file query_15.cif (mmCIF, C-alpha atoms and all ligand atoms)
data_model
#
loop_
_atom_site.group_PDB
_atom_site.id
_atom_site.type_symbol
_atom_site.label_atom_id
_atom_site.label_comp_id
_atom_site.auth_asym_id
_atom_site.auth_seq_id
_atom_site.Cartn_x
_atom_site.Cartn_y
_atom_site.Cartn_z
ATOM 1 C CA MET A 1 95.766 97.152 90.066
ATOM 2 C CA LYS A 2 98.717 97.077 92.461
ATOM 3 C CA TYR A 3 98.376 98.165 96.048
ATOM 4 C CA ILE A 4 100.009 98.093 99.475
ATOM 5 C CA GLU A 5 98.066 96.930 102.540
ATOM 6 C CA PRO A 6 99.675 99.153 105.190
ATOM 7 C CA HIS A 7 97.724 97.864 108.204
ATOM 8 C CA ALA A 8 96.650 94.227 108.538
ATOM 9 C CA HIS A 9 96.847 91.710 111.375
ATOM 10 C CA MET A 10 97.780 88.705 109.292
ATOM 11 C CA VAL A 11 98.546 86.378 112.233
ATOM 12 C CA SER A 12 94.744 86.237 112.624
ATOM 13 C CA ARG A 13 94.071 85.472 108.941
ATOM 14 C CA THR A 14 94.158 82.318 106.855
ATOM 15 C CA THR A 15 96.326 81.472 103.876
ATOM 16 C CA ASP A 16 93.210 81.958 101.710
ATOM 17 C CA ASP A 17 93.347 85.651 102.659
ATOM 18 C CA TYR A 18 96.985 85.912 101.565
ATOM 19 C CA GLU A 19 96.088 84.257 98.278
ATOM 20 C CA ARG A 20 93.112 86.553 97.634
ATOM 21 C CA MET A 21 95.156 89.657 98.505
ATOM 22 C CA ALA A 22 97.919 88.585 96.109
ATOM 23 C CA LEU A 23 95.337 87.948 93.356
ATOM 24 C CA ALA A 24 93.862 91.418 93.938
ATOM 25 C CA GLY A 25 97.272 93.039 93.352
ATOM 26 C CA CYS A 26 98.707 93.387 96.857
ATOM 27 C CA THR A 27 102.496 93.650 96.751
ATOM 28 C CA ALA A 28 103.324 94.210 100.429
ATOM 29 C CA VAL A 29 101.512 93.889 103.730
ATOM 30 C CA CYS A 30 102.433 95.685 106.973
ATOM 31 C CA GLU A 31 101.391 94.339 110.351
ATOM 32 C CA PRO A 32 101.340 96.572 113.445
ATOM 33 C CA ALA A 33 101.611 94.812 116.800
ATOM 34 C CA PHE A 34 98.138 94.535 118.282
ATOM 35 C CA TRP A 35 95.949 93.127 121.024
ATOM 36 C CA ALA A 36 95.423 89.389 120.542
ATOM 37 C CA GLY A 37 91.737 89.610 121.526
ATOM 38 C CA PHE A 38 92.746 88.539 125.045
ATOM 39 C CA ASP A 39 95.344 89.925 127.472
ATOM 40 C CA ARG A 40 98.728 88.214 127.401
ATOM 41 C CA SER A 41 99.755 87.067 130.873
ATOM 42 C CA SER A 42 103.482 87.839 130.742
ATOM 43 C CA VAL A 43 106.295 89.489 128.835
ATOM 44 C CA ASP A 44 107.137 86.065 127.382
ATOM 45 C CA GLY A 45 103.874 86.173 125.429
ATOM 46 C CA PHE A 46 105.069 89.379 123.755
ATOM 47 C CA HIS A 47 108.488 87.887 123.056
ATOM 48 C CA ASP A 48 106.869 85.012 121.188
ATOM 49 C CA TYR A 49 104.516 87.405 119.358
ATOM 50 C CA PHE A 50 107.431 89.576 118.202
ATOM 51 C CA CYS A 51 109.211 86.424 116.945
ATOM 52 C CA GLN A 52 106.031 85.460 115.097
ATOM 53 C CA LEU A 53 105.849 88.931 113.470
ATOM 54 C CA THR A 54 109.524 89.049 112.488
ATOM 55 C CA GLU A 55 110.266 85.415 111.601
ATOM 56 C CA HIS A 56 107.241 83.249 110.915
ATOM 57 C CA GLU A 57 104.767 85.639 109.275
ATOM 58 C CA PRO A 58 107.209 86.948 106.586
ATOM 59 C CA ARG A 59 107.821 83.329 105.547
ATOM 60 C CA ARG A 60 104.076 82.634 105.361
ATOM 61 C CA ALA A 61 103.499 85.776 103.256
ATOM 62 C CA ALA A 62 106.412 84.948 100.948
ATOM 63 C CA LYS A 63 104.651 81.733 99.896
ATOM 64 C CA PHE A 64 102.113 83.990 98.169
ATOM 65 C CA GLY A 65 104.672 86.409 96.721
ATOM 66 C CA LEU A 66 103.931 89.069 99.323
ATOM 67 C CA LYS A 67 106.511 91.081 101.250
ATOM 68 C CA HIS A 68 105.635 91.246 104.953
ATOM 69 C CA PHE A 69 106.682 94.047 107.320
ATOM 70 C CA CYS A 70 105.730 94.764 110.922
ATOM 71 C CA TRP A 71 105.658 97.352 113.686
ATOM 72 C CA LEU A 72 106.405 96.558 117.343
ATOM 73 C CA CYS A 73 104.911 97.862 120.593
ATOM 74 C CA ILE A 74 102.571 97.056 123.451
ATOM 75 C CA ASN A 75 99.079 98.119 122.390
ATOM 76 C CA SER A 76 96.933 100.493 124.423
ATOM 77 C CA LYS A 77 94.426 97.787 125.396
ATOM 78 C CA GLU A 78 97.144 96.073 127.432
ATOM 79 C CA ALA A 79 98.657 99.303 128.767
ATOM 80 C CA GLU A 80 96.791 99.389 132.093
ATOM 81 C CA ASP A 81 99.468 97.145 133.606
ATOM 82 C CA VAL A 82 102.297 99.692 133.519
ATOM 83 C CA LYS A 83 104.873 97.270 134.947
ATOM 84 C CA LEU A 84 104.173 94.738 132.186
ATOM 85 C CA ALA A 85 104.337 97.573 129.641
ATOM 86 C CA GLU A 86 107.762 98.579 130.954
ATOM 87 C CA GLU A 87 108.990 94.996 130.581
ATOM 88 C CA VAL A 88 107.681 94.791 127.003
ATOM 89 C CA ILE A 89 109.231 98.159 126.084
ATOM 90 C CA THR A 90 112.573 96.921 127.437
ATOM 91 C CA LEU A 91 112.256 93.875 125.181
ATOM 92 C CA ILE A 92 111.618 95.780 121.932
ATOM 93 C CA PRO A 93 115.077 97.255 121.063
ATOM 94 C CA GLN A 94 116.594 93.807 120.470
ATOM 95 C CA PHE A 95 114.065 93.323 117.627
ATOM 96 C CA LEU A 96 114.393 96.746 115.964
ATOM 97 C CA ASN A 97 117.234 95.769 113.635
ATOM 98 C CA ARG A 98 115.350 92.837 112.157
ATOM 99 C CA PRO A 99 114.893 93.332 108.398
ATOM 100 C CA ASN A 100 111.078 93.592 108.349
ATOM 101 C CA VAL A 101 110.618 95.946 111.338
ATOM 102 C CA LEU A 102 109.398 99.392 110.196
ATOM 103 C CA GLY A 103 109.032 101.176 113.532
ATOM 104 C CA ILE A 104 106.986 101.505 116.729
ATOM 105 C CA GLY A 105 103.233 100.839 116.429
ATOM 106 C CA GLU A 106 100.373 100.675 116.729
ATOM 107 C CA ILE A 107 100.769 102.731 119.884
ATOM 108 C CA GLY A 108 98.083 105.172 121.011
ATOM 109 C CA LEU A 109 95.061 105.299 123.257
ATOM 110 C CA ASN A 110 91.969 103.163 123.705
ATOM 111 C CA LYS A 111 89.964 104.589 126.620
ATOM 112 C CA ASN A 112 92.183 107.664 127.099
ATOM 113 C CA SER A 113 93.142 106.550 130.625
ATOM 114 C CA ARG A 114 96.038 107.907 132.667
ATOM 115 C CA ASN A 115 97.999 104.639 132.393
ATOM 116 C CA GLU A 116 97.463 104.441 128.631
ATOM 117 C CA LEU A 117 98.799 107.972 128.317
ATOM 118 C CA ARG A 118 101.847 107.110 130.427
ATOM 119 C CA VAL A 119 102.617 104.047 128.281
ATOM 120 C CA LEU A 120 102.098 106.114 125.109
ATOM 121 C CA GLU A 121 104.701 108.618 126.333
ATOM 122 C CA MET A 122 107.121 105.774 127.121
ATOM 123 C CA GLN A 123 106.768 104.393 123.608
ATOM 124 C CA VAL A 124 107.148 107.807 121.939
ATOM 125 C CA GLU A 125 110.368 108.087 123.953
ATOM 126 C CA LEU A 126 111.423 104.638 122.670
ATOM 127 C CA ALA A 127 110.776 105.682 119.057
ATOM 128 C CA ALA A 128 112.608 108.991 119.477
ATOM 129 C CA LYS A 129 115.598 107.356 121.135
ATOM 130 C CA HIS A 130 115.955 104.775 118.361
ATOM 131 C CA GLY A 131 114.983 107.043 115.430
ATOM 132 C CA GLN A 132 111.953 104.913 114.533
ATOM 133 C CA LEU A 133 108.845 105.709 112.485
ATOM 134 C CA ILE A 134 105.610 105.821 114.520
ATOM 135 C CA LEU A 135 102.200 104.331 113.722
ATOM 136 C CA VAL A 136 99.357 105.442 116.000
ATOM 137 C CA HIS A 137 96.015 103.802 116.760
ATOM 138 C CA THR A 138 93.289 106.307 117.675
ATOM 139 C CA PRO A 139 90.352 105.356 119.956
ATOM 140 C CA HIS A 140 86.902 104.314 118.837
ATOM 141 C CA LEU A 141 83.712 106.340 118.451
ATOM 142 C CA GLU A 142 83.044 108.780 121.307
ATOM 143 C CA ASP A 143 86.652 108.598 122.585
ATOM 144 C CA LYS A 144 88.247 109.345 119.197
ATOM 145 C CA LEU A 145 88.235 113.157 119.139
ATOM 146 C CA LYS A 146 89.584 113.620 122.656
ATOM 147 C CA GLY A 147 92.059 110.750 122.219
ATOM 148 C CA THR A 148 93.393 112.127 118.939
ATOM 149 C CA ARG A 149 93.928 115.540 120.569
ATOM 150 C CA LEU A 150 95.787 113.951 123.504
ATOM 151 C CA ILE A 151 97.971 111.903 121.147
ATOM 152 C CA LEU A 152 98.850 114.911 118.975
ATOM 153 C CA ASP A 153 99.775 116.866 122.127
ATOM 154 C CA VAL A 154 102.203 114.136 123.225
ATOM 155 C CA LEU A 155 103.810 113.913 119.770
ATOM 156 C CA LYS A 156 104.085 117.671 119.226
ATOM 157 C CA HIS A 157 105.579 118.112 122.692
ATOM 158 C CA ASP A 158 108.618 115.958 121.785
ATOM 159 C CA LYS A 159 110.784 118.040 119.455
ATOM 160 C CA ARG A 160 112.728 114.960 118.343
ATOM 161 C CA ILE A 161 109.611 113.596 116.602
ATOM 162 C CA LYS A 162 109.368 114.719 112.985
ATOM 163 C CA PRO A 163 105.679 114.933 112.000
ATOM 164 C CA GLU A 164 106.300 113.526 108.510
ATOM 165 C CA ARG A 165 107.562 110.316 110.172
ATOM 166 C CA VAL A 166 104.259 109.731 112.036
ATOM 167 C CA ILE A 167 101.058 108.157 110.703
ATOM 168 C CA ILE A 168 97.876 108.611 112.740
ATOM 169 C CA ASP A 169 95.552 105.762 111.840
ATOM 170 C CA HIS A 170 91.773 105.272 111.934
ATOM 171 C CA VAL A 171 91.075 108.959 111.239
ATOM 172 C CA GLU A 172 87.493 109.923 110.448
ATOM 173 C CA GLU A 173 85.725 113.060 109.244
ATOM 174 C CA HIS A 174 86.160 114.856 112.576
ATOM 175 C CA THR A 175 89.850 114.025 113.136
ATOM 176 C CA VAL A 176 91.509 114.025 109.701
ATOM 177 C CA GLU A 177 91.999 117.783 109.481
ATOM 178 C CA MET A 178 93.879 118.209 112.770
ATOM 179 C CA VAL A 179 96.246 115.373 111.810
ATOM 180 C CA LEU A 180 97.046 116.796 108.366
ATOM 181 C CA GLU A 181 97.424 120.297 109.828
ATOM 182 C CA ALA A 182 99.996 118.907 112.275
ATOM 183 C CA GLY A 183 102.059 117.790 109.252
ATOM 184 C CA MET A 184 101.530 114.097 109.974
ATOM 185 C CA TRP A 185 100.148 111.361 107.735
ATOM 186 C CA ALA A 186 96.611 110.036 108.186
ATOM 187 C CA GLY A 187 95.322 106.497 107.680
ATOM 188 C CA MET A 188 91.676 105.691 106.962
ATOM 189 C CA THR A 189 90.441 102.280 108.031
ATOM 190 C CA LEU A 190 87.749 100.429 106.103
ATOM 191 C CA TYR A 191 85.665 98.328 108.465
ATOM 192 C CA PRO A 192 82.342 96.690 107.602
ATOM 193 C CA GLU A 193 80.692 97.839 110.881
ATOM 194 C CA THR A 194 82.634 100.675 112.543
ATOM 195 C CA LYS A 195 85.281 103.155 111.377
ATOM 196 C CA CYS A 196 84.959 104.170 107.678
ATOM 197 C CA THR A 197 82.958 102.752 104.784
ATOM 198 C CA PRO A 198 84.300 103.115 101.215
ATOM 199 C CA ALA A 199 81.772 105.909 100.560
ATOM 200 C CA ARG A 200 82.917 107.890 103.616
ATOM 201 C CA VAL A 201 86.601 107.411 102.739
ATOM 202 C CA ILE A 202 85.973 108.730 99.230
ATOM 203 C CA ASP A 203 84.050 111.711 100.638
ATOM 204 C CA ILE A 204 87.067 112.515 102.840
ATOM 205 C CA LEU A 205 89.452 112.234 99.864
ATOM 206 C CA GLU A 206 87.235 114.568 97.855
ATOM 207 C CA ALA A 207 87.219 117.083 100.716
ATOM 208 C CA TYR A 208 90.899 116.926 101.735
ATOM 209 C CA GLY A 209 92.767 115.817 98.595
ATOM 210 C CA HIS A 210 95.148 112.901 98.225
ATOM 211 C CA GLU A 211 98.301 114.082 99.998
ATOM 212 C CA ARG A 212 99.575 112.224 103.099
ATOM 213 C CA LEU A 213 96.531 109.933 103.187
ATOM 214 C CA TRP A 214 96.351 106.167 102.859
ATOM 215 C CA LEU A 215 93.745 103.399 103.115
ATOM 216 C CA ASN A 216 93.879 100.157 105.039
ATOM 217 C CA SER A 217 91.641 97.261 105.988
ATOM 218 C CA ALA A 218 93.098 96.721 109.490
ATOM 219 C CA CYS A 219 91.818 93.163 109.067
ATOM 220 C CA ASP A 220 92.168 91.168 112.259
ATOM 221 C CA TRP A 221 90.402 88.430 114.275
ATOM 222 C CA GLY A 222 87.105 90.396 114.274
ATOM 223 C CA VAL A 223 84.602 91.374 111.593
ATOM 224 C CA SER A 224 86.851 92.852 108.901
ATOM 225 C CA ASP A 225 87.656 92.480 105.217
ATOM 226 C CA PRO A 226 91.216 91.888 103.948
ATOM 227 C CA LEU A 227 90.134 93.066 100.476
ATOM 228 C CA ALA A 228 88.669 96.379 101.665
ATOM 229 C CA VAL A 229 91.423 98.460 99.991
ATOM 230 C CA PRO A 230 91.061 97.092 96.421
ATOM 231 C CA LYS A 231 87.254 97.154 96.791
ATOM 232 C CA THR A 232 87.444 100.853 97.698
ATOM 233 C CA ALA A 233 89.735 101.465 94.714
ATOM 234 C CA VAL A 234 86.943 100.076 92.501
ATOM 235 C CA GLU A 235 84.476 102.432 94.207
ATOM 236 C CA MET A 236 86.833 105.371 93.590
ATOM 237 C CA LYS A 237 86.915 104.475 89.908
ATOM 238 C CA LYS A 238 83.094 104.364 89.812
ATOM 239 C CA ARG A 239 83.004 107.836 91.425
ATOM 240 C CA GLY A 240 85.199 109.184 88.632
ATOM 241 C CA HIS A 241 88.569 109.399 90.375
ATOM 242 C CA LEU A 242 91.494 109.313 87.944
ATOM 243 C CA PRO A 243 93.678 106.179 87.846
ATOM 244 C CA SER A 244 96.651 108.294 88.958
ATOM 245 C CA ALA A 245 94.753 109.522 92.039
ATOM 246 C CA ILE A 246 93.698 105.981 92.945
ATOM 247 C CA GLU A 247 97.255 104.713 92.515
ATOM 248 C CA GLN A 248 98.504 107.510 94.756
ATOM 249 C CA VAL A 249 96.382 106.587 97.766
ATOM 250 C CA ILE A 250 96.606 102.802 97.481
ATOM 251 C CA PHE A 251 100.258 102.507 96.433
ATOM 252 C CA SER A 252 102.486 105.596 96.088
ATOM 253 C CA ASN A 253 101.515 107.268 99.363
ATOM 254 C CA PRO A 254 102.100 104.265 101.633
ATOM 255 C CA GLU A 255 105.289 103.468 99.701
ATOM 256 C CA LYS A 256 106.585 107.033 100.212
ATOM 257 C CA PHE A 257 105.844 107.039 103.932
ATOM 258 C CA LEU A 258 107.108 103.525 104.636
ATOM 259 C CA LYS A 259 110.348 103.960 102.662
ATOM 260 C CA GLN A 260 111.414 106.444 105.335
ATOM 261 C CA SER A 261 112.162 103.340 107.431
ATOM 262 C CA GLY A 262 115.037 102.466 105.060
ATOM 263 C CA LYS A 263 113.748 98.882 104.938
ATOM 264 C CA PHE A 264 110.450 98.907 103.072
ATOM 265 C CA LYS A 265 110.160 97.559 99.540
ATOM 266 C CA THR A 266 107.346 96.033 97.520
ATOM 267 C CA GLY A 267 107.335 92.491 96.087
HETATM 268 ZN ZN ZN B 301 95.349 97.517 113.943
#

call {"tool": "encode", "arguments": {"input": "query_15.cif", "output": "structure tokens", "more": "lines below"}}
Ligand SMILES: [Zn+2]
result
Amino acid sequence: MKYIEPHAHMVSRTTDDYERMALAGCTAVCEPAFWAGFDRSSVDGFHDYFCQLTEHEPRRAAKFGLKHFCWLCINSKEAEDVKLAEEVITLIPQFLNRPNVLGIGEIGLNKNSRNELRVLEMQVELAAKHGQLILVHTPHLEDKLKGTRLILDVLKHDKRIKPERVIIDHVEEHTVEMVLEAGMWAGMTLYPETKCTPARVIDILEAYGHERLWLNSACDWGVSDPLAVPKTAVEMKKRGHLPSAIEQVIFSNPEKFLKQSGKFKTG
């Protein structure tokens, strides 16, 4: 098996995780900028984080034969402080030409607040201005449906944004259809406790087909499993999915989307 992990927060993981992912067939890992589990106190904290994502983490991944790519942004959980968000957004362009930067992400909404929405619009503007791909985080549980609608409205409103250059992540049964209908890509996240289980992901694939869909573990500092993608591939095989269909969702689809950046390649 070979696969791409298109959404993983490797700064929170150990070298054992890199080794196990490489053994399972991972060829490239992509790391969206994320909340650290605590609020950073200044723009300098983001500067150091962006250096970590673009300099240190690719070197750590390379020791295990893995290509490492990243996305840059201020996440929605830290978007209540609009002034800080403005400072971080001003900082981002100087990093965009670095060789492992794929685009702007994971932007989006968390509690669907007014400030989050404002910061989302600022970052969509940043992506449009610099011709960047966009990766979107959608809210949890009861906020997901409304948040996904709000996010799609913002993206559709900006005519510079091409839908095929946007991936909406953490879709579930009730949000996948509106994302695919908008012409965007949809990511399904495999979490042990919330988001999707392998069985639910496979149900969604059986209902909606294999086009413009990918799987990710979104492994981070919380309860999560860096091997969730290859484990789900095994479940797909058990449910009778053809090897070509499995390969499409765990490798070809993310490769096709990410290559639009002009930088992505597998190891
Ligand atoms: Zn994430």

call {"tool": "atom_distance", "arguments": {"input": "query_15.cif", "atom1": "atom CA of Val166 of chain A", "atom2": "atom CA of Leu109 of chain A"}}
result
15.2 Å

call {"tool": "residues_near_ligand", "arguments": {"input": "query_15.cif", "ligand": "ligand ZN 301 (chain B)", "cutoff": "8 Å", "atoms": "all atoms listed in the file", "output": "list in words"}}
result
His7, Ala8, His9, Glu31, Pro32, Ala33, Phe34, Glu106, His137, Ala218, Cys219 and Asp220 of chain A

call {"tool": "residues_around", "arguments": {"input": "query_15.cif", "residues": "segment 116-124 of chain A", "least_positions_apart": "6", "cutoff": "9 Å", "atoms": "all atoms listed in the file", "output": "ChimeraX atom specification"}}
result
/A:73-80,82,85-86,89,104-105,107-110,134,150-151,154-155,158,161

call {"tool": "residues_near_point", "arguments": {"input": "query_15.cif", "point": "(97.9, 108.0, 90.0)", "cutoff": "12 Å", "atoms": "only C-alpha atoms", "output": "PDB file with C-alpha atoms, in the frame of the given file"}}
result
ATOM      1  CA  MET A   1      95.766  97.152  90.066  1.00  0.00           C
ATOM      2  CA  LYS A   2      98.717  97.077  92.461  1.00  0.00           C
ATOM      3  CA  TYR A   3      98.376  98.165  96.048  1.00  0.00           C
ATOM      4  CA  HIS A 210      95.148 112.901  98.225  1.00  0.00           C
ATOM      5  CA  GLU A 211      98.301 114.082  99.998  1.00  0.00           C
ATOM      6  CA  ALA A 233      89.735 101.465  94.714  1.00  0.00           C
ATOM      7  CA  MET A 236      86.833 105.371  93.590  1.00  0.00           C
ATOM      8  CA  LYS A 237      86.915 104.475  89.908  1.00  0.00           C
ATOM      9  CA  HIS A 241      88.569 109.399  90.375  1.00  0.00           C
ATOM     10  CA  LEU A 242      91.494 109.313  87.944  1.00  0.00           C
ATOM     11  CA  PRO A 243      93.678 106.179  87.846  1.00  0.00           C
ATOM     12  CA  SER A 244      96.651 108.294  88.958  1.00  0.00           C
ATOM     13  CA  ALA A 245      94.753 109.522  92.039  1.00  0.00           C
ATOM     14  CA  ILE A 246      93.698 105.981  92.945  1.00  0.00           C
ATOM     15  CA  GLU A 247      97.255 104.713  92.515  1.00  0.00           C
ATOM     16  CA  GLN A 248      98.504 107.510  94.756  1.00  0.00           C
ATOM     17  CA  VAL A 249      96.382 106.587  97.766  1.00  0.00           C
ATOM     18  CA  ILE A 250      96.606 102.802  97.481  1.00  0.00           C
ATOM     19  CA  PHE A 251     100.258 102.507  96.433  1.00  0.00           C
ATOM     20  CA  SER A 252     102.486 105.596  96.088  1.00  0.00           C
ATOM     21  CA  ASN A 253     101.515 107.268  99.363  1.00  0.00           C
TER      22      ASN A 253
END

call {"tool": "resolve_selection", "arguments": {"input": "query_15.cif", "expression": "the PyMOL selection byres (((chain A and resi 182-185) around 12) and not hetatm)", "output": "compact mmCIF listing (two decimals) with C-alpha atoms, in the frame of the given file"}}
result
# COMPACT_ATOMS: atom_id res chain seq x y z
CA LEU A 133 108.84 105.71 112.48
CA ILE A 134 105.61 105.82 114.52
CA LEU A 135 102.20 104.33 113.72
CA VAL A 136 99.36 105.44 116.00
CA THR A 148 93.39 112.13 118.94
CA ARG A 149 93.93 115.54 120.57
CA ILE A 151 97.97 111.90 121.15
CA LEU A 152 98.85 114.91 118.98
CA ASP A 153 99.78 116.87 122.13
CA LEU A 155 103.81 113.91 119.77
CA LYS A 156 104.08 117.67 119.23
CA HIS A 157 105.58 118.11 122.69
CA ILE A 161 109.61 113.60 116.60
CA LYS A 162 109.37 114.72 112.98
CA PRO A 163 105.68 114.93 112.00
CA GLU A 164 106.30 113.53 108.51
CA ARG A 165 107.56 110.32 110.17
CA VAL A 166 104.26 109.73 112.04
CA ILE A 167 101.06 108.16 110.70
CA ILE A 168 97.88 108.61 112.74
CA ASP A 169 95.55 105.76 111.84
CA HIS A 170 91.77 105.27 111.93
CA VAL A 171 91.08 108.96 111.24
CA THR A 175 89.85 114.02 113.14
CA VAL A 176 91.51 114.02 109.70
CA GLU A 177 92.00 117.78 109.48
CA MET A 178 93.88 118.21 112.77
CA VAL A 179 96.25 115.37 111.81
CA LEU A 180 97.05 116.80 108.37
CA GLU A 181 97.42 120.30 109.83
CA ALA A 186 96.61 110.04 108.19
CA GLY A 187 95.32 106.50 107.68
CA MET A 188 91.68 105.69 106.96
CA HIS A 210 95.15 112.90 98.22
CA GLU A 211 98.30 114.08 100.00
CA ARG A 212 99.58 112.22 103.10
CA LEU A 213 96.53 109.93 103.19
CA TRP A 214 96.35 106.17 102.86
CA LEU A 215 93.74 103.40 103.12
CA VAL A 249 96.38 106.59 97.77
CA ASN A 253 101.52 107.27 99.36
CA PRO A 254 102.10 104.26 101.63
CA LYS A 256 106.58 107.03 100.21
CA PHE A 257 105.84 107.04 103.93
CA LEU A 258 107.11 103.52 104.64

call {"tool": "decode", "arguments": {"input": "query_15.cif", "residues": "segment 1-15 of chain A", "atoms": "N, CA, C and O atoms", "output": "PDB file, in the first residue's frame"}}
result
ATOM      1  N   MET A   1       0.835  -1.191   0.000  1.00  0.00           N
ATOM      2  CA  MET A   1       0.000   0.000   0.000  1.00  0.00           C
ATOM      3  C   MET A   1       0.879   1.254   0.000  1.00  0.00           C
ATOM      4  O   MET A   1       1.865   1.324   0.699  1.00  0.00           O
ATOM      5  N   LYS A   2       0.514   2.242  -0.831  1.00  0.00           N
ATOM      6  CA  LYS A   2       1.134   3.562  -0.688  1.00  0.00           C
ATOM      7  C   LYS A   2       0.008   4.574  -0.509  1.00  0.00           C
ATOM      8  O   LYS A   2      -1.071   4.435  -1.107  1.00  0.00           O
ATOM      9  N   TYR A   3       0.252   5.544   0.367  1.00  0.00           N
ATOM     10  CA  TYR A   3      -0.786   6.529   0.608  1.00  0.00           C
ATOM     11  C   TYR A   3      -0.176   7.885   0.955  1.00  0.00           C
ATOM     12  O   TYR A   3       1.011   7.985   1.287  1.00  0.00           O
ATOM     13  N   ILE A   4      -1.026   8.907   0.854  1.00  0.00           N
ATOM     14  CA  ILE A   4      -0.642  10.267   1.259  1.00  0.00           C
ATOM     15  C   ILE A   4      -1.460  10.609   2.499  1.00  0.00           C
ATOM     16  O   ILE A   4      -2.665  10.349   2.539  1.00  0.00           O
ATOM     17  N   GLU A   5      -0.813  11.158   3.514  1.00  0.00           N
ATOM     18  CA  GLU A   5      -1.548  11.691   4.676  1.00  0.00           C
ATOM     19  C   GLU A   5      -1.719  13.187   4.450  1.00  0.00           C
ATOM     20  O   GLU A   5      -0.781  13.965   4.621  1.00  0.00           O
ATOM     21  N   PRO A   6      -2.910  13.616   3.986  1.00  0.00           N
ATOM     22  CA  PRO A   6      -3.050  15.027   3.594  1.00  0.00           C
ATOM     23  C   PRO A   6      -3.360  15.990   4.732  1.00  0.00           C
ATOM     24  O   PRO A   6      -3.477  17.194   4.492  1.00  0.00           O
ATOM     25  N   HIS A   7      -3.502  15.490   5.960  1.00  0.00           N
ATOM     26  CA  HIS A   7      -3.847  16.389   7.066  1.00  0.00           C
ATOM     27  C   HIS A   7      -3.352  15.751   8.366  1.00  0.00           C
ATOM     28  O   HIS A   7      -3.990  14.837   8.888  1.00  0.00           O
ATOM     29  N   ALA A   8      -2.208  16.216   8.845  1.00  0.00           N
ATOM     30  CA  ALA A   8      -1.646  15.684  10.091  1.00  0.00           C
ATOM     31  C   ALA A   8      -0.835  16.774  10.771  1.00  0.00           C
ATOM     32  O   ALA A   8      -0.138  17.533  10.101  1.00  0.00           O
ATOM     33  N   HIS A   9      -0.948  16.850  12.098  1.00  0.00           N
ATOM     34  CA  HIS A   9      -0.227  17.887  12.840  1.00  0.00           C
ATOM     35  C   HIS A   9       0.998  17.264  13.483  1.00  0.00           C
ATOM     36  O   HIS A   9       1.007  16.916  14.661  1.00  0.00           O
ATOM     37  N   MET A  10       2.029  17.085  12.652  1.00  0.00           N
ATOM     38  CA  MET A  10       3.181  16.276  13.039  1.00  0.00           C
ATOM     39  C   MET A  10       4.024  16.928  14.122  1.00  0.00           C
ATOM     40  O   MET A  10       4.749  16.231  14.826  1.00  0.00           O
ATOM     41  N   VAL A  11       3.951  18.264  14.289  1.00  0.00           N
ATOM     42  CA  VAL A  11       4.744  18.888  15.360  1.00  0.00           C
ATOM     43  C   VAL A  11       4.331  18.335  16.719  1.00  0.00           C
ATOM     44  O   VAL A  11       5.094  18.414  17.679  1.00  0.00           O
ATOM     45  N   SER A  12       3.113  17.768  16.800  1.00  0.00           N
ATOM     46  CA  SER A  12       2.632  17.199  18.064  1.00  0.00           C
ATOM     47  C   SER A  12       2.954  15.709  18.200  1.00  0.00           C
ATOM     48  O   SER A  12       2.599  15.102  19.204  1.00  0.00           O
ATOM     49  N   ARG A  13       3.559  15.110  17.179  1.00  0.00           N
ATOM     50  CA  ARG A  13       3.752  13.654  17.177  1.00  0.00           C
ATOM     51  C   ARG A  13       5.221  13.300  17.402  1.00  0.00           C
ATOM     52  O   ARG A  13       6.112  14.126  17.220  1.00  0.00           O
ATOM     53  N   THR A  14       5.442  12.049  17.743  1.00  0.00           N
ATOM     54  CA  THR A  14       6.804  11.579  18.004  1.00  0.00           C
ATOM     55  C   THR A  14       7.433  11.001  16.739  1.00  0.00           C
ATOM     56  O   THR A  14       6.751  10.746  15.741  1.00  0.00           O
ATOM     57  N   THR A  15       8.728  10.758  16.813  1.00  0.00           N
ATOM     58  CA  THR A  15       9.408  10.115  15.687  1.00  0.00           C
ATOM     59  C   THR A  15       8.877   8.697  15.461  1.00  0.00           C
ATOM     60  O   THR A  15       8.891   8.206  14.333  1.00  0.00           O
TER      61      THR A  15
END
